[in-house]
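Okay, start-v4.cif is below, mmCIF, C-alpha atoms:
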data_final
#
loop_
_atom_site.label_atom_id
_atom_site.label_comp_id
_atom_site.auth_asym_id
_atom_site.auth_seq_id
_atom_site.Cartn_x
_atom_site.Cartn_y
_atom_site.Cartn_z
CA ASP A 1 99.85 87.92 98.57
CA TRP A 2 103.02 89.75 97.55
CA ALA A 3 103.41 91.22 101.03
CA THR A 4 103.45 87.75 102.61
CA ASP A 5 106.74 87.06 100.78
CA LEU A 6 108.43 90.03 102.46
CA PRO A 7 110.26 89.74 105.79
CA ALA A 8 108.13 90.79 108.76
CA GLY A 9 108.69 94.45 109.55
CA GLY A 10 110.72 94.93 106.36
CA PHE A 11 111.45 98.27 104.70
CA VAL A 12 109.24 98.84 101.62
CA LEU A 13 109.31 101.57 98.95
CA ASP A 14 106.16 102.70 97.10
CA LEU A 15 107.06 104.46 93.82
CA GLY A 16 104.35 106.91 92.83
CA CYS A 17 102.71 106.61 96.24
CA GLY A 18 100.13 109.35 95.59
CA VAL A 19 98.03 109.96 98.70
CA GLY A 20 99.29 106.80 100.36
CA ARG A 21 96.75 104.05 99.68
CA HIS A 22 99.36 101.28 99.52
CA VAL A 23 101.61 102.93 102.12
CA VAL A 24 98.80 102.89 104.70
CA TYR A 25 97.78 99.30 103.94
CA LEU A 26 101.33 97.97 104.15
CA GLY A 27 102.18 100.18 107.13
CA ASP A 28 99.18 98.77 109.00
CA CYS A 29 100.60 95.31 108.21
CA GLY A 30 103.71 96.24 110.19
CA PHE A 31 106.09 97.26 107.39
CA ARG A 32 108.37 100.29 107.61
CA MET A 33 107.39 102.45 104.63
CA ALA A 34 108.97 104.92 102.24
CA GLY A 35 107.34 106.61 99.28
CA ILE A 36 108.19 108.86 96.39
CA ASP A 37 105.91 111.02 94.26
CA ILE A 38 106.18 114.16 92.13
CA SER A 39 103.16 115.61 93.94
CA PRO A 40 104.00 117.62 97.09
CA SER A 41 100.36 117.43 98.19
CA GLY A 42 100.36 113.65 97.80
CA ILE A 43 103.44 113.29 100.01
CA ARG A 44 102.01 115.74 102.55
CA LEU A 45 98.70 113.87 102.78
CA THR A 46 100.50 110.55 103.12
CA GLN A 47 102.68 111.95 105.90
CA GLU A 48 99.59 113.23 107.72
CA VAL A 49 97.66 109.96 107.60
CA CYS A 50 100.76 107.97 108.54
CA ALA A 51 101.35 110.24 111.54
CA ASP A 52 97.72 109.72 112.64
CA ARG A 53 98.11 105.93 112.33
CA ARG A 54 101.64 105.83 113.81
CA ILE A 55 103.11 104.39 110.63
CA ASN A 56 106.84 104.90 110.11
CA PHE A 57 107.00 106.69 106.73
CA GLU A 58 109.83 108.39 104.80
CA GLY A 59 108.37 110.54 102.01
CA GLN A 60 110.33 112.17 99.20
CA ILE A 61 109.13 114.54 96.46
CA SER A 62 110.98 113.49 93.34
CA ASP A 63 110.79 111.86 89.96
CA MET A 64 111.31 108.11 90.28
CA THR A 65 114.24 108.03 87.83
CA THR A 66 116.50 109.28 90.66
CA LEU A 67 115.82 107.65 94.02
CA PRO A 68 117.31 109.52 97.03
CA TRP A 69 118.15 106.40 99.07
CA ALA A 70 121.37 104.48 99.56
CA ASP A 71 122.13 101.20 97.82
CA GLY A 72 120.55 98.01 99.11
CA VAL A 73 118.25 99.42 101.82
CA PHE A 74 114.82 98.06 100.83
CA ASP A 75 113.37 94.60 101.31
CA GLY A 76 110.65 95.31 98.76
CA ALA A 77 109.32 97.90 96.35
CA LEU A 78 106.10 98.35 94.45
CA SER A 79 104.99 100.53 91.57
CA ILE A 80 101.29 100.32 90.75
CA SER A 81 99.90 102.28 87.78
CA THR A 82 102.87 104.66 87.68
CA ILE A 83 106.12 103.37 86.17
CA HIS A 84 104.72 103.44 82.62
CA HIS A 85 104.43 107.26 82.78
CA HIS A 86 107.83 107.62 81.13
CA GLN A 87 109.36 107.03 77.77
CA ARG A 88 111.11 103.68 77.58
CA GLU A 89 114.52 105.09 78.51
CA GLY A 90 113.01 106.62 81.67
CA ILE A 91 111.48 103.27 82.59
CA ILE A 92 114.89 101.63 82.16
CA ARG A 93 116.50 104.26 84.41
CA THR A 94 113.78 103.81 87.03
CA LEU A 95 114.14 100.03 87.05
CA GLY A 96 117.90 100.46 87.43
CA GLN A 97 117.33 102.73 90.42
CA ILE A 98 114.92 100.25 91.96
CA ARG A 99 117.43 97.44 91.54
CA ARG A 100 120.09 99.62 93.16
CA VAL A 101 118.06 100.41 96.31
CA LEU A 102 116.74 96.86 96.79
CA LYS A 103 118.69 94.45 98.93
CA PRO A 104 119.93 91.31 97.14
CA GLY A 105 116.84 89.11 96.95
CA GLY A 106 114.56 92.14 97.42
CA LEU A 107 111.17 91.89 95.72
CA LEU A 108 109.52 94.28 93.26
CA LEU A 109 105.82 94.20 92.40
CA VAL A 110 105.11 96.23 89.25
CA ASP A 111 102.44 96.53 86.58
CA PHE A 112 102.49 97.79 82.99
CA PRO A 113 99.73 98.53 80.46
CA CYS A 114 99.31 95.67 77.99
CA THR A 115 99.15 95.89 74.20
CA ASP A 116 96.53 93.08 74.04
CA THR A 117 93.77 95.36 75.32
CA LEU A 118 90.91 97.53 74.16
CA ASP A 119 92.62 100.58 75.65
CA TYR A 120 95.67 100.05 73.45
CA ARG A 121 93.52 99.57 70.34
CA LEU A 122 91.64 102.80 71.09
CA LEU A 123 94.93 104.68 71.51
CA ARG A 124 96.10 103.40 68.12
CA GLU A 125 92.83 104.67 66.61
CA ARG A 126 93.34 108.09 68.21
CA VAL A 127 96.89 108.26 66.82
CA ALA A 128 95.55 107.44 63.34
CA ALA A 129 92.95 110.18 63.74
CA GLY A 130 95.61 112.74 64.75
CA GLN A 131 94.14 113.20 68.25
CA ILE A 132 97.19 112.08 70.23
CA ALA A 133 100.89 111.51 69.50
CA GLU A 134 102.91 108.31 69.55
CA ILE A 135 106.24 109.76 70.64
CA GLU A 136 108.10 106.43 70.36
CA PRO A 137 106.87 102.88 69.69
CA ASN A 138 103.92 102.12 72.00
CA THR A 139 104.34 105.34 74.03
CA PHE A 140 101.43 107.79 73.75
CA VAL A 141 100.91 111.40 74.84
CA ASP A 142 98.00 113.78 74.43
CA PRO A 143 99.70 117.15 73.73
CA ARG A 144 96.56 119.31 73.83
CA PRO A 145 96.98 122.26 76.22
CA ASP A 146 93.32 122.28 77.35
CA LEU A 147 93.19 118.87 79.06
CA ASP A 148 91.17 118.50 82.26
CA GLU A 149 93.54 118.90 85.23
CA MET A 150 92.44 115.50 86.56
CA ASP A 151 93.37 113.79 83.29
CA ASP A 152 96.85 112.25 83.09
CA ASP A 153 96.91 111.91 79.29
CA PHE A 154 99.55 114.67 79.12
CA LEU A 155 101.96 112.16 80.67
CA PRO A 156 103.59 109.44 78.55
CA HIS A 157 101.80 106.08 78.62
CA HIS A 158 104.07 103.21 77.61
CA TYR A 159 102.35 99.92 76.66
CA CYS A 160 104.20 96.58 76.63
CA ASP A 161 103.92 93.29 74.84
CA GLU A 162 105.53 90.32 76.57
CA ASP A 163 108.85 90.57 74.72
CA ASP A 164 109.20 94.27 75.56
CA LEU A 165 108.36 93.68 79.21
CA ARG A 166 110.77 90.78 79.60
CA ASP A 167 113.48 92.95 78.05
CA LEU A 168 112.73 95.82 80.48
CA LEU A 169 112.89 93.41 83.42
CA ARG A 170 116.22 91.83 82.39
CA PRO A 171 118.09 93.27 85.43
CA PHE A 172 115.83 91.18 87.68
CA GLU A 173 114.92 87.57 88.19
CA ILE A 174 111.30 87.14 87.08
CA MET A 175 109.36 85.14 89.66
CA ARG A 176 105.87 85.57 88.20
CA LEU A 177 104.59 87.38 85.11
CA ARG A 178 100.99 87.35 83.96
CA ALA A 179 98.58 89.34 81.86
CA ALA A 180 95.74 90.12 84.28
CA LEU A 181 93.04 90.70 81.64
CA ARG A 182 89.26 90.70 81.77
CA GLN A 183 86.53 91.26 79.21
CA SER A 184 85.27 94.87 79.07
CA GLU A 185 81.71 95.47 80.24
CA ASN A 186 80.45 96.05 76.70
CA GLY A 187 82.30 93.03 75.33
CA ALA A 188 84.36 95.16 72.93
CA GLY A 189 87.73 93.82 74.07
CA MET A 190 90.01 92.97 76.97
CA ARG A 191 91.08 95.32 79.73
CA GLY A 192 93.88 94.95 82.23
CA LYS A 193 97.64 95.02 82.71
CA TRP A 194 100.76 92.96 82.97
CA VAL A 195 101.59 92.17 86.60
CA ALA A 196 105.14 91.12 87.44
CA LEU A 197 106.80 89.92 90.61
CA VAL A 198 110.57 90.08 90.25
CA ARG A 199 113.55 90.16 92.56
CA ARG A 200 117.04 91.55 92.62
CA PRO A 201 119.33 88.56 92.07
CA LEU A 202 121.08 87.27 95.18
#
How does the structure come out when it is put into structure tokens?
Amino acid sequence: DWATDLPAGGFVLDLGCGVGRHVVYLGDCGFRMAGIDISPSGIRLTQEVCADRRINFEGQISDMTTLPWADGVFDGALSISTIHHHQREGIIRTLGQIRRVLKPGGLLLVDFPCTDTLDYRLLRERVAAGQIAEIEPNTFVDPRPDLDEMDDDFLPHHYCDEDDLRDLLRPFEIMRLRAALRQSENGAGMRGKWVALVRRPL
């Protein structure tokens, strides 16, 4: 639905693009795509699949707090399951960079972990048990050196309540904001995230 609000053939940035799931979908819809990720292998795999599918893709290996594009070049940007992997100040810097590279009126689709969830409650229990660290309010890290290499708990995980999220998104005009929550399979609590559609003011 978000993509239908973008201009046909527009230039779209995927922050934390990984192996290109969203890049390929949007590229197949006719958008010109760019992506950024800290993983060289993720960017390489995205470049390969985009070349096979003749999708125009600009990939950059970098942290998302410094975007290597000029001001006002993108019609849209998205960050799915990635932007919260910073402390709050890093999230603020990233959102500032996104605002900078979006055109006036450009759209951002972004999600954030929600404090009204079972996952958040379990993290609070693990902090109380001394298993993980809360390095700032509502930002959690597992500092153990023996984590499974597929586990991202060594990265910060910042959780938001509505007030915190609205404050983070102040540089933008909020078009839609909702807590996309569902009951967990065992009925122990809610799971899900905040989903926000915002735009750079005209």
Selection result for the PyMOL selection byres ((chain A and resi 136) around 10) on this file, as an mmCIF file with C-alpha atoms, keeping the file's coordinate frame:
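Heads up, here's the output in selection29.cif:
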data_model
loop_
_atom_site.group_PDB
_atom_site.id
_atom_site.type_symbol
_atom_site.label_atom_id
_atom_site.label_comp_id
_atom_site.auth_asym_id
_atom_site.auth_seq_id
_atom_site.Cartn_x
_atom_site.Cartn_y
_atom_site.Cartn_z
ATOM 1 C CA GLN A 87 109.360 107.030 77.770
ATOM 2 C CA ARG A 88 111.110 103.680 77.580
ATOM 3 C CA ALA A 133 100.890 111.510 69.500
ATOM 4 C CA GLU A 134 102.910 108.310 69.550
ATOM 5 C CA ILE A 135 106.240 109.760 70.640
ATOM 6 C CA PRO A 137 106.870 102.880 69.690
ATOM 7 C CA ASN A 138 103.920 102.120 72.000
ATOM 8 C CA THR A 139 104.340 105.340 74.030
ATOM 9 C CA PHE A 140 101.430 107.790 73.750
ATOM 10 C CA VAL A 141 100.910 111.400 74.840
ATOM 11 C CA PRO A 156 103.590 109.440 78.550
ATOM 12 C CA HIS A 158 104.070 103.210 77.610
#
Could you state which residues are captured by the PyMOL selection byres ((chain A and resi 30) around 12) in this file, as a short mmCIF file (atom, residue, chain, number, x, y, z; two decimals) with C-alpha atoms, in the coordinates of the input?
data_model
loop_
_atom_site.label_atom_id
_atom_site.label_comp_id
_atom_site.auth_asym_id
_atom_site.auth_seq_id
_atom_site.Cartn_x
_atom_site.Cartn_y
_atom_site.Cartn_z
CA ALA A 3 103.41 91.22 101.03
CA THR A 4 103.45 87.75 102.61
CA LEU A 6 108.43 90.03 102.46
CA PRO A 7 110.26 89.74 105.79
CA ALA A 8 108.13 90.79 108.76
CA GLY A 9 108.69 94.45 109.55
CA GLY A 10 110.72 94.93 106.36
CA PHE A 11 111.45 98.27 104.70
CA VAL A 12 109.24 98.84 101.62
CA VAL A 23 101.61 102.93 102.12
CA VAL A 24 98.80 102.89 104.70
CA TYR A 25 97.78 99.30 103.94
CA LEU A 26 101.33 97.97 104.15
CA GLY A 27 102.18 100.18 107.13
CA ASP A 28 99.18 98.77 109.00
CA CYS A 29 100.60 95.31 108.21
CA PHE A 31 106.09 97.26 107.39
CA ARG A 32 108.37 100.29 107.61
CA MET A 33 107.39 102.45 104.63
CA ARG A 53 98.11 105.93 112.33
CA ARG A 54 101.64 105.83 113.81
CA ILE A 55 103.11 104.39 110.63
CA ASN A 56 106.84 104.90 110.11
CA PHE A 57 107.00 106.69 106.73
#
**Q.** Atomic separation - CA of Pro68 (chain A) relative to CA of Gln97 (chain A), Å
**A.** 9.5 Å
Q | For Arg144 (chain A): contacts at 10 Å, only C-alpha atoms, fewer than 5 positions along chain excluded, given as a ChimeraX atom specification | A | /A:131-133,153-154
Q: Evaluate the PyMOL selection byres ((chain A and resi 171) around 10) here and jot the selected residues down as a list of chain:residue names.
A: A:Ile92, A:Leu95, A:Gly96, A:Arg99, A:Arg166, A:Asp167, A:Leu168, A:Leu169, A:Arg170, A:Phe172, A:Glu173, A:Ile174, A:Val198, A:Arg199, A:Arg200, A:Pro201
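In this structure, CA of Ala188 (chain A) sits 19.0 Å away from CA of Tyr159 (chain A).
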(Q) For a quick check of understanding, using all atoms listed in the file, which of A:Ala34, A:Ala196, A:Leu181, A:Leu165 has the smallest distance to Asp111 (chain A)? (A)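 Using all atoms listed in the file, the shortest distance to Asp111 (chain A) belongs to A:Ala196.
Of the listed residues A:Asp52, A:Glu89, A:Glu185, A:Asp164, the one whose atoms come nearest to Leu118 (chain A) is A:Glu185, with distances taken using all atoms listed in the file.
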Q | Pick from A:Gly35, A:Ser81, A:Leu108, A:Gly130, whichever lies nearest to Gly192 (chain A) using all atoms listed in the file | A |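 Smallest separation from Gly192 (chain A) among the options: A:Ser81.
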